[in-house]
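Note sheet for the following structure.
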Amino acid sequence: MEIIATSHATSFIESFHRLITKKKLESILKKHTSGRGAPANLAGSEVIMGLVYHFFSGAGTFAAHMHRLVEKKMSDSALTQRRKNLPFEIFNQVMKHALRPLAMEQEHPDCFYKGLRLVSVDGTQFSAPNTKDILERFKKSESRREEAAFAKIGVSVLLEIGTHHPIGAVIATDQEGEITLTRRLLNLLPKKSLLIADRLLGVGALVEEVMAACQSESYFLIRARDNVKRKVIQVFADGSSLVEINLRDKEMPKKMRGSLLVREIKGRVRRSHENWSDITVWTNLHDAKLYTALEILRLYGKRWEQELYYKQLKIDLHGGELLQSGTAETALQEIAALILASAIIAQERLLLGASQDLSSIRISFAKVREHLDVIWFAIKSTTGIVSEEQQEAIVANILRIIRREVIIPPRRSRSCARALRQPTKKWKRLFNPISNYSPLQLEIISAS
């Protein structure tokens, strides 16, 4: 099937305004800036859009990328000053309005499970340069050698599995922990969705908060922590069980304030010649006939898409975990710009995947970023020289050439040893990294 050129945005500006309209962006800026003084040579909306384009484009200065985007010349120092005048709350509001569910059930079935949109939530950290301004606001984390090399800025993302499109994001502006950030994302859980999360949320009090956020026909699938006590109420035919989890009082931890019921699925997983690893998950999908234990356990593996997204965000898009910004405020802006840039790539991957009748996960994140910039530059440089029909033909020809580069083969079944080169606490030391490509084996451990 031929790639349809017209399904893609004709410029970065058009792609950006698919996320948030110019009118809405200017409305946000008006609420959070004074508006005093003479009109600026470069509008605030152009600075924000240019910053996203800067981190989308890779190599090059902010000034060079801004000139390419809006054809206005300003020095890097002048642009940095403009950034400092933009409070981070503007970027927070932009993310709230720009990040939303993207997949459609009929067109993108791999993003859904029995009518439920698959989403995951998890946190990560970016390293920030050790400037005076940053170290006054963000502390270095503890490590095996007392302190980390760089200050850390945390971020949590609510992610749409399959498209790798962020639905919501919260950045730690005041050294907040991952649980605090994740709690702020729960109210963004879409209707009719299935939230998949790791052991961070696998305790009674946090599951209670997730359950409260799932009132709009949504569900959860959370890996339970090993040290949580529960009481088996009922055992289902597929080996799963209905269990009661006690809820401790926040003021008096030894006192119980109630309990909640969840369906528990115990299983084990391995690849050939490896030892079995036990896993326990909780869910509010109580119908054991409709949602079988083995199917649910296998579904939990999709949470790994979040780890892959963070790799794409940090390595493929940014080129590493260390931020470029020298102040706390601009470092926060940089992370927000990266998340918005990843959302643009997600929507373009989805369009390209639709034109190729492929899942967007089969479309290379890094290659799409690289080639989109080429296409947008080609369109910009030929505007006014050739007709629109000729431009479309040029874009179609470029897409035809790069088609084989952006499509990646089906993902291999693979696992790697869980160890560290320089271990902390209980992790064993890694000497020789080993990858195992054998099929994944799952077994249910019956609660009976």
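The way I read the labels, and the way they are meant: chains A, B, ... in the order of the structure tokens, residue 1 as the first residue of every chain, and ligand 1 as the first ligand shown, with later ones counted on from there.
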Inset, instruction - Output as JSON, numbers by chain all residues of segment 71-259 of chain A that backbone DSSP marks as strand (DSSP E). - result: {"A": [112, 113, 116, 117, 118, 119, 120, 121, 122, 123, 124, 125, 126, 127, 128, 151, 152, 153, 154, 155, 156, 157, 158, 159, 160, 165, 166, 167, 168, 169, 170, 171, 193, 194, 195, 196, 197, 219, 220, 221, 222, 223, 230, 231, 232, 233, 234, 235, 241, 242, 243, 244, 245, 246, 247, 248, 256, 257, 258, 259]}
Would you save the residues from that selection as a PDB file, in the first residue's frame, using C-alpha atoms?
```pdb
ATOM      1  CA  PHE A 112      -7.393  -1.855  23.503  1.00  0.00           C
ATOM      2  CA  TYR A 113      -8.344  -4.958  25.455  1.00  0.00           C
ATOM      3  CA  LEU A 116     -10.821  -1.017  27.349  1.00  0.00           C
ATOM      4  CA  ARG A 117      -8.129   1.490  26.400  1.00  0.00           C
ATOM      5  CA  LEU A 118      -4.746   0.247  27.632  1.00  0.00           C
ATOM      6  CA  VAL A 119      -2.820   2.852  29.634  1.00  0.00           C
ATOM      7  CA  SER A 120       0.116   2.665  32.011  1.00  0.00           C
ATOM      8  CA  VAL A 121       1.657   4.968  34.576  1.00  0.00           C
ATOM      9  CA  ASP A 122       5.214   5.137  35.840  1.00  0.00           C
ATOM     10  CA  GLY A 123       7.920   7.612  36.771  1.00  0.00           C
ATOM     11  CA  THR A 124      11.482   8.345  35.758  1.00  0.00           C
ATOM     12  CA  GLN A 125      14.182  10.933  36.413  1.00  0.00           C
ATOM     13  CA  PHE A 126      16.251  13.310  34.315  1.00  0.00           C
ATOM     14  CA  SER A 127      19.732  14.460  35.319  1.00  0.00           C
ATOM     15  CA  ALA A 128      20.256  18.232  35.492  1.00  0.00           C
ATOM     16  CA  ALA A 151      20.745  16.648  40.526  1.00  0.00           C
ATOM     17  CA  LYS A 152      17.618  14.709  39.598  1.00  0.00           C
ATOM     18  CA  ILE A 153      14.249  15.971  38.370  1.00  0.00           C
ATOM     19  CA  GLY A 154      11.402  13.464  38.532  1.00  0.00           C
ATOM     20  CA  VAL A 155       8.561  13.074  36.069  1.00  0.00           C
ATOM     21  CA  SER A 156       5.552  10.750  35.852  1.00  0.00           C
ATOM     22  CA  VAL A 157       3.661  10.040  32.650  1.00  0.00           C
ATOM     23  CA  LEU A 158       0.246   8.489  32.034  1.00  0.00           C
ATOM     24  CA  LEU A 159       0.858   6.711  28.734  1.00  0.00           C
ATOM     25  CA  GLU A 160      -1.420   5.254  26.066  1.00  0.00           C
ATOM     26  CA  HIS A 165       1.209   8.893  23.283  1.00  0.00           C
ATOM     27  CA  PRO A 166       1.335  10.678  26.670  1.00  0.00           C
ATOM     28  CA  ILE A 167      -2.160  11.286  28.045  1.00  0.00           C
ATOM     29  CA  GLY A 168      -0.868  13.298  30.968  1.00  0.00           C
ATOM     30  CA  ALA A 169       2.438  14.262  32.570  1.00  0.00           C
ATOM     31  CA  VAL A 170       3.514  15.782  35.889  1.00  0.00           C
ATOM     32  CA  ILE A 171       7.011  17.136  36.515  1.00  0.00           C
ATOM     33  CA  SER A 193      -9.638   2.233  30.256  1.00  0.00           C
ATOM     34  CA  LEU A 194      -7.430  -0.371  31.915  1.00  0.00           C
ATOM     35  CA  LEU A 195      -4.589   1.114  33.976  1.00  0.00           C
ATOM     36  CA  ILE A 196      -1.498  -1.113  34.217  1.00  0.00           C
ATOM     37  CA  ALA A 197       1.014  -0.224  36.942  1.00  0.00           C
ATOM     38  CA  TYR A 219     -10.278  -0.797  35.642  1.00  0.00           C
ATOM     39  CA  PHE A 220      -6.781  -1.455  36.946  1.00  0.00           C
ATOM     40  CA  LEU A 221      -4.124  -4.151  36.802  1.00  0.00           C
ATOM     41  CA  ILE A 222      -1.433  -3.590  39.423  1.00  0.00           C
ATOM     42  CA  ARG A 223       1.464  -5.758  40.507  1.00  0.00           C
ATOM     43  CA  ARG A 230      -4.382 -10.421  52.417  1.00  0.00           C
ATOM     44  CA  LYS A 231      -7.170 -12.849  53.231  1.00  0.00           C
ATOM     45  CA  VAL A 232      -8.567 -15.213  50.585  1.00  0.00           C
ATOM     46  CA  ILE A 233     -12.367 -14.887  50.359  1.00  0.00           C
ATOM     47  CA  GLN A 234     -13.161 -16.979  47.276  1.00  0.00           C
ATOM     48  CA  VAL A 235     -11.200 -19.124  44.813  1.00  0.00           C
ATOM     49  CA  SER A 241      -8.996 -15.604  43.934  1.00  0.00           C
ATOM     50  CA  LEU A 242     -10.966 -12.820  45.540  1.00  0.00           C
ATOM     51  CA  VAL A 243      -8.900 -11.416  48.411  1.00  0.00           C
ATOM     52  CA  GLU A 244      -9.443  -8.869  51.159  1.00  0.00           C
ATOM     53  CA  ILE A 245      -6.745  -6.257  51.755  1.00  0.00           C
ATOM     54  CA  ASN A 246      -6.664  -4.361  55.034  1.00  0.00           C
ATOM     55  CA  LEU A 247      -6.346  -0.575  54.980  1.00  0.00           C
ATOM     56  CA  ARG A 248      -4.202   0.979  57.680  1.00  0.00           C
ATOM     57  CA  MET A 256      -7.074  -0.871  60.551  1.00  0.00           C
ATOM     58  CA  ARG A 257      -9.674   1.541  59.145  1.00  0.00           C
ATOM     59  CA  GLY A 258     -11.327  -0.851  56.713  1.00  0.00           C
ATOM     60  CA  SER A 259     -10.628  -3.182  53.807  1.00  0.00           C
TER      61      SER A 259
END
```
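Distance annotation: of A:Leu308, A:Ala148, A:Ile13, A:Leu99, the residue with the minimal separation from Asp373 of chain A is A:Ile13; atom set is only C-alpha atoms.
Neighbouring residues of Asp174 of chain A at 12 Å or closer, counting only C-alpha atoms and skipping chain neighbours under 5 positions away, are A:Ile134, A:Leu135, A:Glu136, A:Arg137, A:Phe138, A:Lys139, A:Lys152, A:Ile153, A:Gly154, A:Val155, A:Thr180, A:Leu181, A:Ala328, A:Glu329, A:Leu332.
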For the selection just defined, write its residues with C-alpha atoms to a file, as an mmCIF file, in the first residue's frame.
```cif
data_model
loop_
_atom_site.group_PDB
_atom_site.id
_atom_site.type_symbol
_atom_site.label_atom_id
_atom_site.label_comp_id
_atom_site.auth_asym_id
_atom_site.auth_seq_id
_atom_site.Cartn_x
_atom_site.Cartn_y
_atom_site.Cartn_z
ATOM 1 C CA ILE A 134 19.636 24.048 39.871
ATOM 2 C CA LEU A 135 21.387 22.767 43.013
ATOM 3 C CA GLU A 136 19.564 25.348 45.126
ATOM 4 C CA ARG A 137 16.260 23.797 44.066
ATOM 5 C CA PHE A 138 16.987 20.143 43.286
ATOM 6 C CA LYS A 139 19.102 17.861 45.448
ATOM 7 C CA LYS A 152 17.618 14.709 39.598
ATOM 8 C CA ILE A 153 14.249 15.971 38.370
ATOM 9 C CA GLY A 154 11.402 13.464 38.532
ATOM 10 C CA VAL A 155 8.561 13.074 36.069
ATOM 11 C CA THR A 180 3.087 12.074 44.809
ATOM 12 C CA LEU A 181 3.443 12.724 41.085
ATOM 13 C CA ALA A 328 15.806 25.149 37.346
ATOM 14 C CA GLU A 329 12.973 26.881 35.469
ATOM 15 C CA LEU A 332 11.542 22.060 33.747
#
```
Inset, instruction - Just list the residues in segment 61-236 of chain A DSSP gives helix (DSSP H, G or I) on the backbone, as a ChimeraX atom specification. - result: /A:62-70,76-84,88-98,109-111,132-137,178-188,199-201,204-213
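Minimum distance to Glu295 of chain A across A:Arg369, A:Lys114, A:His67, A:Lys311 (counting only C-alpha atoms) occurs at A:Lys114.
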Inset, instruction - Can you pull out every residue within 9 Å of Val207 of chain A, counting only C-alpha atoms, but drop anything in the same chain fewer than 5 positions away, and send it as a list of chain:residue names? - result: A:Leu201, A:Gly202, A:Ala212, A:Phe220, A:Ile222, A:Leu260, A:Trp282
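The space between atom CA of Ser342 of chain A and atom CA of Leu313 of chain A spans 6.7 Å.
The space between atom CA of Glu26 of chain A and atom CA of Ser381 of chain A spans 27.5 Å.
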Inset, instruction - Please identify all polymer residues within 9 Å of Leu86 of chain A, counting only C-alpha atoms, omitting same-chain residues fewer than 4 positions from it, and present them as a PyMOL selection string. - result: chain A and resi 29+32-33+44+48+82+90-91+329
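The spacing separating atom CA of Ala59 of chain A from atom CA of His318 of chain A amounts to 9.8 Å.
Residue nearest Pro190 of chain A within the list A:Leu294, A:Leu102, A:Ala205, A:Ala172: A:Leu102 [criterion: smallest interatomic distance, only C-alpha atoms].
Nearest residue to Gln333 of chain A, choosing from A:Phe55, A:Trp304, A:Phe150, A:Tyr437 and counting only C-alpha atoms: A:Phe55.
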Legend entry - Long-range neighbours of Phe62 of chain A as a PyMOL selection string, 8 Å cut-off, only C-alpha atoms, 2 positions minimum in chain: chain A and resi 50-51+54+60+64-66+76+79
Those selected residues, please, written with N, CA and C atoms and delivered as a tab-separated table (two decimals), in the first residue's frame.
```
chain	number	residue	atom	x	y	z
A	50	GLY	N	8.81	27.06	19.32
A	50	GLY	CA	10.21	26.94	18.90
A	50	GLY	C	11.02	26.07	19.83
A	51	LEU	N	10.70	26.12	21.13
A	51	LEU	CA	11.42	25.29	22.10
A	51	LEU	C	11.12	23.81	21.86
A	54	HIS	N	12.98	22.82	18.82
A	54	HIS	CA	14.42	22.73	19.11
A	54	HIS	C	14.79	21.35	19.64
A	60	GLY	N	21.95	21.39	16.69
A	60	GLY	CA	21.70	22.77	16.29
A	60	GLY	C	21.35	23.64	17.48
A	64	ALA	N	19.17	28.90	15.81
A	64	ALA	CA	19.12	28.39	14.44
A	64	ALA	C	17.78	27.71	14.16
A	65	HIS	N	17.31	26.91	15.12
A	65	HIS	CA	16.03	26.23	14.93
A	65	HIS	C	14.85	27.21	14.93
A	66	MET	N	14.93	28.24	15.75
A	66	MET	CA	13.87	29.25	15.78
A	66	MET	C	13.81	30.00	14.45
A	76	ASP	N	20.97	33.40	20.91
A	76	ASP	CA	20.64	32.39	21.91
A	76	ASP	C	20.45	33.02	23.28
A	79	LEU	N	17.03	34.60	23.43
A	79	LEU	CA	16.00	33.57	23.53
A	79	LEU	C	15.97	32.96	24.93
```
Inset, instruction - Determine, counting only C-alpha atoms, which protein, DNA and RNA residues have an atom within 12 Å of an atom of Phe56 of chain A; residues of the same chain fewer than 6 positions away are not included. Present the result as number ranges by chain. - result: A: 12, 15-16, 49-50, 62, 65-66, 69, 312-314, 316-319, 334-345, 365-366, 368-373
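Minimum distance to Phe88 of chain A across A:Ile161, A:Tyr309, A:Thr330, A:Ser27 (counting only C-alpha atoms) occurs at A:Thr330.
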